[in-house]
>>> print(open('coords-v4.txt').read())   # compact mmCIF, C-alpha atoms
# COMPACT_ATOMS: atom_id res chain seq x y z
CA MET A 1 6.57 1.69 16.73
CA ASP A 2 9.32 4.27 16.88
CA PRO A 3 12.61 3.44 15.13
CA ALA A 4 15.11 1.43 17.18
CA PRO A 5 18.63 0.21 16.47
CA ALA A 6 18.83 -2.69 14.03
CA GLN A 7 18.74 -6.03 15.81
CA SER A 8 21.07 -9.01 15.47
CA GLU A 9 18.50 -10.91 13.36
CA THR A 10 18.99 -8.44 10.52
CA PRO A 11 19.71 -10.57 7.42
CA GLU A 12 23.15 -10.07 5.91
CA PRO A 13 22.82 -7.41 3.20
CA PRO A 14 24.79 -7.47 -0.06
CA SER A 15 27.95 -5.38 -0.11
CA ASP A 16 26.48 -2.83 -2.53
CA VAL A 17 23.63 -2.18 -0.09
CA VAL A 18 26.11 -1.57 2.71
CA ASP A 19 28.21 0.66 0.46
CA LEU A 20 25.17 2.85 -0.20
CA ALA A 21 23.27 2.66 3.11
CA GLY A 22 26.17 2.27 5.54
CA SER A 23 26.82 -0.28 8.25
CA THR A 24 23.81 -2.15 9.65
CA ALA A 25 24.93 -1.07 13.11
CA ASP A 26 23.69 2.41 12.23
CA TRP A 27 20.36 1.36 10.74
CA LEU A 28 17.12 2.00 12.61
CA VAL A 29 14.46 -0.69 12.28
CA THR A 30 10.85 0.39 12.03
CA GLU A 31 7.57 -1.47 11.75
CA ALA A 32 5.74 1.73 10.83
CA LEU A 33 6.82 1.67 7.20
CA SER A 34 6.28 -2.04 6.70
CA ALA A 35 2.68 -2.97 6.02
CA ASP A 36 3.60 -6.53 4.99
CA SER A 37 6.00 -9.22 6.21
CA GLY A 38 9.07 -7.47 4.82
CA ARG A 39 11.51 -5.54 6.99
CA VAL A 40 12.29 -1.84 6.70
CA TRP A 41 15.23 0.05 8.18
CA LEU A 42 15.96 3.77 8.08
CA THR A 43 19.30 5.48 7.69
CA GLU A 44 19.95 9.19 7.68
CA THR A 45 19.25 9.46 3.95
CA SER A 46 17.62 6.21 2.83
CA ALA A 47 15.07 3.50 3.57
CA VAL A 48 16.19 -0.11 3.21
CA LYS A 49 13.71 -2.92 2.66
CA ALA A 50 14.32 -6.68 2.62
CA VAL A 51 11.95 -9.50 1.71
CA PRO A 52 12.52 -13.25 1.22
CA ILE A 53 14.26 -13.94 -2.07
CA ASP A 54 11.21 -15.68 -3.53
CA ARG A 55 9.43 -12.30 -3.36
CA ALA A 56 12.12 -10.39 -5.25
CA SER A 57 9.66 -9.58 -8.04
CA GLU A 58 7.63 -7.51 -5.57
CA LEU A 59 10.59 -5.21 -5.00
CA ASP A 60 11.25 -5.05 -8.74
CA ALA A 61 7.67 -3.83 -9.22
CA ALA A 62 7.93 -1.36 -6.34
CA ALA A 63 11.14 0.14 -7.75
CA ALA A 64 9.76 0.36 -11.30
CA ASN A 65 6.51 1.95 -10.16
CA ALA A 66 8.29 4.47 -7.95
CA SER A 67 10.43 5.51 -10.92
CA TRP A 68 7.68 6.33 -13.42
CA LEU A 69 5.12 7.48 -10.87
CA GLY A 70 7.67 9.77 -9.24
CA ASP A 71 7.57 11.95 -12.35
CA HIS A 72 3.98 12.89 -11.44
CA VAL A 73 3.46 12.54 -7.66
CA ALA A 74 5.76 12.41 -4.65
CA THR A 75 7.31 8.98 -4.08
CA ALA A 76 10.35 7.52 -2.37
CA ALA A 77 12.75 7.32 -5.32
CA PRO A 78 14.49 3.95 -5.73
CA LEU A 79 18.27 4.00 -5.42
CA LEU A 80 19.36 0.36 -5.61
CA ARG A 81 17.92 -3.14 -6.10
CA SER A 82 20.12 -6.02 -5.03
CA ASP A 83 19.83 -9.69 -4.06
CA ALA A 84 21.62 -11.85 -1.53
CA LYS A 85 21.34 -15.60 -1.02
CA ASP A 86 18.15 -15.54 1.04
CA SER A 87 16.85 -11.97 0.75
CA ALA A 88 15.97 -9.38 -1.88
CA TRP A 89 16.83 -5.77 -1.08
CA LEU A 90 15.61 -2.33 -2.15
CA VAL A 91 17.24 0.91 -1.06
CA SER A 92 15.09 4.01 -1.59
CA GLU A 93 15.35 7.67 -0.78
CA ARG A 94 14.16 8.39 2.75
CA LEU A 95 11.17 10.70 2.80
CA ILE A 96 11.20 13.34 5.53
CA GLY A 97 8.19 12.58 7.68
CA VAL A 98 6.42 9.71 9.41
CA PRO A 99 3.59 7.37 8.35
CA SER A 100 0.13 8.89 8.57
CA HIS A 101 -1.32 6.18 10.82
CA ARG A 102 0.57 7.62 13.81
CA PRO A 103 -1.52 10.54 15.16
CA ASP A 104 0.65 10.48 18.30
CA LEU A 105 3.56 11.61 16.10
CA HIS A 106 1.54 14.24 14.25
CA GLY A 107 -0.84 15.63 16.86
CA ASP A 108 -3.72 16.40 14.49
CA VAL A 109 -6.06 13.60 13.39
CA GLY A 110 -7.97 15.90 11.04
CA SER A 111 -4.84 16.94 9.17
CA LEU A 112 -3.88 13.29 8.62
CA ALA A 113 -7.28 12.56 7.06
CA GLU A 114 -6.76 15.60 4.83
CA VAL A 115 -3.30 14.33 3.87
CA ALA A 116 -4.86 11.05 2.75
CA GLY A 117 -7.65 12.78 0.84
CA ASN A 118 -5.25 15.12 -0.95
CA ALA A 119 -2.79 12.33 -1.78
CA LEU A 120 -5.43 10.08 -3.32
CA ARG A 121 -7.15 12.93 -5.15
CA GLU A 122 -3.85 13.89 -6.79
CA LEU A 123 -3.01 10.28 -7.70
CA HIS A 124 -6.45 9.51 -9.12
CA ALA A 125 -6.43 12.69 -11.20
CA LEU A 126 -3.52 11.41 -13.29
CA PRO A 127 -4.44 10.31 -16.83
CA ILE A 128 -4.38 6.52 -16.97
CA ASP A 129 -2.41 6.62 -20.22
CA LEU A 130 0.61 7.67 -18.12
CA ALA A 131 0.76 4.12 -16.79
CA PRO A 132 3.12 1.69 -18.54
CA SER A 133 1.42 -0.84 -20.82
CA SER A 134 2.84 -3.61 -18.62
CA LEU A 135 0.83 -2.43 -15.60
CA GLU A 136 -2.05 -4.71 -14.62
CA ARG A 137 -5.43 -3.25 -15.50
CA GLY A 138 -9.03 -3.76 -14.55
CA TRP A 139 -11.22 -6.13 -12.60
CA GLU A 140 -10.12 -9.30 -14.37
CA ALA A 141 -6.47 -8.74 -13.36
CA LEU A 142 -7.59 -8.35 -9.74
CA ASP A 143 -9.72 -11.47 -10.06
CA ALA A 144 -6.70 -13.47 -11.19
CA VAL A 145 -4.78 -12.35 -8.09
CA ALA A 146 -7.77 -13.16 -5.86
CA ALA A 147 -8.14 -16.64 -7.34
CA ALA A 148 -4.42 -17.36 -6.92
CA ASN A 149 -4.55 -16.21 -3.30
CA VAL A 150 -7.55 -18.41 -2.54
CA ALA A 151 -5.84 -21.40 -4.17
CA SER A 152 -2.70 -20.90 -2.06
CA GLY A 153 -4.60 -20.03 1.14
CA LEU A 154 -5.67 -16.59 2.31
CA GLY A 155 -4.46 -16.80 5.87
CA GLU A 156 -6.21 -14.62 8.45
CA VAL A 157 -8.96 -12.31 7.20
CA ASP A 158 -10.80 -9.54 9.01
CA GLU A 159 -13.38 -10.56 11.61
CA PRO A 160 -16.60 -9.95 9.60
CA TYR A 161 -15.35 -12.30 6.86
CA GLN A 162 -14.04 -15.11 9.04
CA ARG A 163 -17.27 -17.11 8.82
CA TYR A 164 -16.67 -17.68 5.10
CA SER A 165 -14.22 -19.92 3.30
CA GLY A 166 -11.84 -18.42 0.78
CA GLU A 167 -13.84 -20.06 -1.99
CA LYS A 168 -17.05 -18.44 -0.74
CA LEU A 169 -15.40 -15.02 -0.51
CA LEU A 170 -14.19 -15.42 -4.09
CA GLU A 171 -17.71 -16.36 -5.17
CA LEU A 172 -19.16 -13.28 -3.47
CA TRP A 173 -16.45 -11.11 -5.07
CA ARG A 174 -17.35 -12.40 -8.52
CA GLU A 175 -21.08 -11.99 -7.94
CA GLY A 176 -20.53 -8.32 -7.03
CA ARG A 177 -18.51 -7.39 -10.12
CA PRO A 178 -19.46 -3.83 -11.20
CA GLU A 179 -20.90 -3.51 -14.69
CA VAL A 180 -18.73 -0.46 -15.44
CA GLU A 181 -15.40 0.38 -13.81
CA ASP A 182 -14.29 3.88 -12.84
CA LEU A 183 -10.65 3.31 -13.79
CA VAL A 184 -7.82 5.40 -12.35
CA ILE A 185 -4.17 4.85 -11.48
CA CYS A 186 -4.43 3.16 -8.07
CA HIS A 187 -1.77 2.75 -5.42
CA GLY A 188 -3.22 -0.69 -4.70
CA ASN A 189 -2.54 -0.59 -0.96
CA ALA A 190 -3.56 2.96 -0.07
CA THR A 191 -3.32 2.58 3.70
CA LEU A 192 -2.03 5.27 6.03
CA PRO A 193 1.34 3.55 6.68
CA ASN A 194 2.08 3.98 2.96
CA MET A 195 1.41 7.74 3.08
CA ILE A 196 4.30 9.70 4.63
CA ALA A 197 3.46 13.14 6.03
CA GLN A 198 5.33 15.94 7.74
CA GLN A 199 3.51 18.65 9.72
CA GLY A 200 0.23 18.06 7.93
CA VAL A 201 1.77 18.02 4.44
CA PHE A 202 1.98 14.93 2.23
CA ALA A 203 5.63 13.93 1.72
CA GLY A 204 5.18 10.95 -0.58
CA TRP A 205 4.05 7.39 -1.23
CA VAL A 206 5.89 4.24 -0.20
CA GLY A 207 4.98 0.57 -0.73
CA LEU A 208 4.38 0.88 -4.47
CA GLY A 209 4.52 -2.77 -5.51
CA GLY A 210 0.76 -2.98 -6.08
CA VAL A 211 0.26 0.05 -8.34
CA ARG A 212 -2.25 -0.75 -11.09
CA VAL A 213 -5.06 0.67 -13.17
CA ALA A 214 -8.27 -0.21 -11.32
CA ASP A 215 -11.56 1.17 -10.08
CA ARG A 216 -10.91 4.10 -7.71
CA HIS A 217 -12.90 2.26 -5.03
CA LEU A 218 -10.02 -0.18 -4.63
CA ASP A 219 -7.93 2.62 -3.10
CA LEU A 220 -10.92 4.18 -1.36
CA ALA A 221 -11.70 0.88 0.38
CA PHE A 222 -8.14 0.41 1.65
CA ALA A 223 -7.93 4.05 2.77
CA HIS A 224 -11.42 4.02 4.35
CA GLU A 225 -10.63 0.96 6.48
CA SER A 226 -7.18 2.23 7.47
CA ILE A 227 -8.44 5.69 8.44
CA HIS A 228 -11.38 4.29 10.41
CA ARG A 229 -9.08 1.93 12.33
CA SER A 230 -6.23 4.38 13.03
CA LEU A 231 -7.92 7.79 13.23
CA GLY A 232 -11.57 7.04 14.00
CA PRO A 233 -14.91 7.31 12.18
CA GLU A 234 -15.07 11.13 12.13
CA ALA A 235 -11.78 11.23 10.21
CA VAL A 236 -13.39 9.16 7.43
CA TYR A 237 -15.78 12.05 6.72
CA VAL A 238 -12.88 14.49 6.61
CA PHE A 239 -11.08 12.17 4.19
CA TYR A 240 -13.99 12.07 1.72
CA ASP A 241 -14.58 15.82 2.01
CA THR A 242 -10.94 16.41 1.10
CA TYR A 243 -10.93 13.78 -1.63
CA GLY A 244 -13.91 15.60 -3.15
CA GLN A 245 -16.10 12.64 -3.96
CA ASP A 246 -18.27 10.34 -1.87
CA PRO A 247 -17.97 6.62 -2.58
CA GLU A 248 -20.68 4.47 -4.11
CA LEU A 249 -21.52 2.34 -1.09
CA LEU A 250 -22.15 -0.96 -2.89
CA ARG A 251 -18.96 -0.54 -4.89
CA LEU A 252 -17.05 0.34 -1.71
CA ASP A 253 -18.33 -2.85 -0.06
CA HIS A 254 -17.20 -4.83 -3.10
CA TYR A 255 -13.64 -3.53 -2.78
CA LEU A 256 -13.62 -3.94 1.00
CA LEU A 257 -14.19 -7.61 0.19
CA ALA A 258 -11.36 -7.39 -2.34
CA LYS A 259 -9.04 -6.32 0.48
CA GLN A 260 -9.47 -9.78 2.02
CA LEU A 261 -8.63 -11.49 -1.25
CA LEU A 262 -5.83 -9.29 -2.55
CA ALA A 263 -3.74 -8.18 0.40
CA LYS A 264 -0.90 -10.69 -0.07
CA GLN A 265 -0.01 -9.40 -3.54
CA LEU A 266 -0.74 -5.70 -3.03
CA SER A 267 1.41 -4.93 -0.01
CA SER A 268 4.93 -4.22 -1.22
>>> encode(input="coords-v4.txt", output="structure tokens")
Amino acid sequence: MDPAPAQSETPEPPSDVVDLAGSTADWLVTEALSADSGRVWLTETSAVKAVPIDRASELDAAAANASWLGDHVATAAPLLRSDAKDSAWLVSERLIGVPSHRPDLHGDVGSLAEVAGNALRELHALPIDLAPSSLERGWEALDAVAAANVASGLGEVDEPYQRYSGEKLLELWREGRPEVEDLVICHGNATLPNMIAQQGVFAGWVGLGGVRVADRHLDLAFAHESIHRSLGPEAVYVFYDTYGQDPELLRLDHYLLAKQLLAKQLSS
């Protein structure tokens, strides 16, 4: 969806958010940058995100990850974190470009697949010792998130998995655990809406609340599914050619299953 003027249901932002981002009357609301249930608005120089106050920790993580990761790859730099009575707020630098899942705004499906391949290749090439010690690491950390999500209710899952209960999906996830992990710094929700591009060039990552050290196939699974859905199956081949490494198919399937179990906590 193209940006439109902010609507009357915009929650009341704290005064420091207004001081930095300007009056809400001048904000443009967009669904394109919001892969979860949060709300995102654009101003001339910033992006403003709000989530319910009980999810404030997600914005804290997104801001912290953008700060350290921005020293190594392009990200939307955080400018301000603030809370109001019912909502948590994050103001970030606005990246010049549009999300990569909108080929109608770019005009070249192949270049968008290349943007995704280049962005993930650069991220996954970073040494994992750059990541803060507080960052969640490995399969067991993902399993804890999956178990918590199943306990609280997964909500809607993708069609091929709808025949199974959350408990059965968790069982299948645990049965498929890889013996050895190929650990890299992962975005955690490496979908096209979280990759901003301008004229075929990667502009930066957004939605960084789920950054973690994990098997590279976590990001490959999210990117694979997003590219296939938004750009088509041929673009998936372009993506892997640009990334420079084909996936291990069984491991990819394992992390496609993870997407059903993890999405609620990896979407900020």
>>> closest_residue(input="coords-v4.txt", among="A:Asn194, A:Ala223, A:Ala131, A:Trp173", to="A:His254", atoms="only C-alpha atoms")
A:Trp173
>>> closest_residue(input="coords-v4.txt", among="A:His101, A:His124, A:Arg174, A:Arg229", to="A:Arg216", atoms="all atoms listed in the file")
A:His124
>>> closest_residue(input="coords-v4.txt", among="A:Glu114, A:Asp182, A:Asp158, A:Asp71", to="A:Met195", atoms="only C-alpha atoms")
A:Glu114
>>> residues_around(input="coords-v4.txt", residues="stretch 80-89 of chain A", least_positions_apart="4", cutoff="9 Å", atoms="only C-alpha atoms", output="list in words")
Pro11, Glu12, Pro13, Pro14, Asp16, Val17, Leu20, Val48, Lys49, Ala50, Val51, Pro52, Ile53, Asp54, Arg55, Ala56, Ser57, Leu59, Asp60 and Ala63 of chain A
>>> closest_residue(input="coords-v4.txt", among="A:Leu69, A:Ala76, A:Asp19, A:Leu112", to="A:Ala197", atoms="all atoms listed in the file")
A:Leu112
>>> residues_around(input="coords-v4.txt", residues="A:Val115", least_positions_apart="5", cutoff="7 Å", atoms="only C-alpha atoms", output="list in words")
Gly200, Val201 and Phe202 of chain A
>>> closest_residue(input="coords-v4.txt", among="A:Trp41, A:Gly176, A:Glu58, A:Leu142", to="A:Thr24", atoms="all atoms listed in the file")
A:Trp41
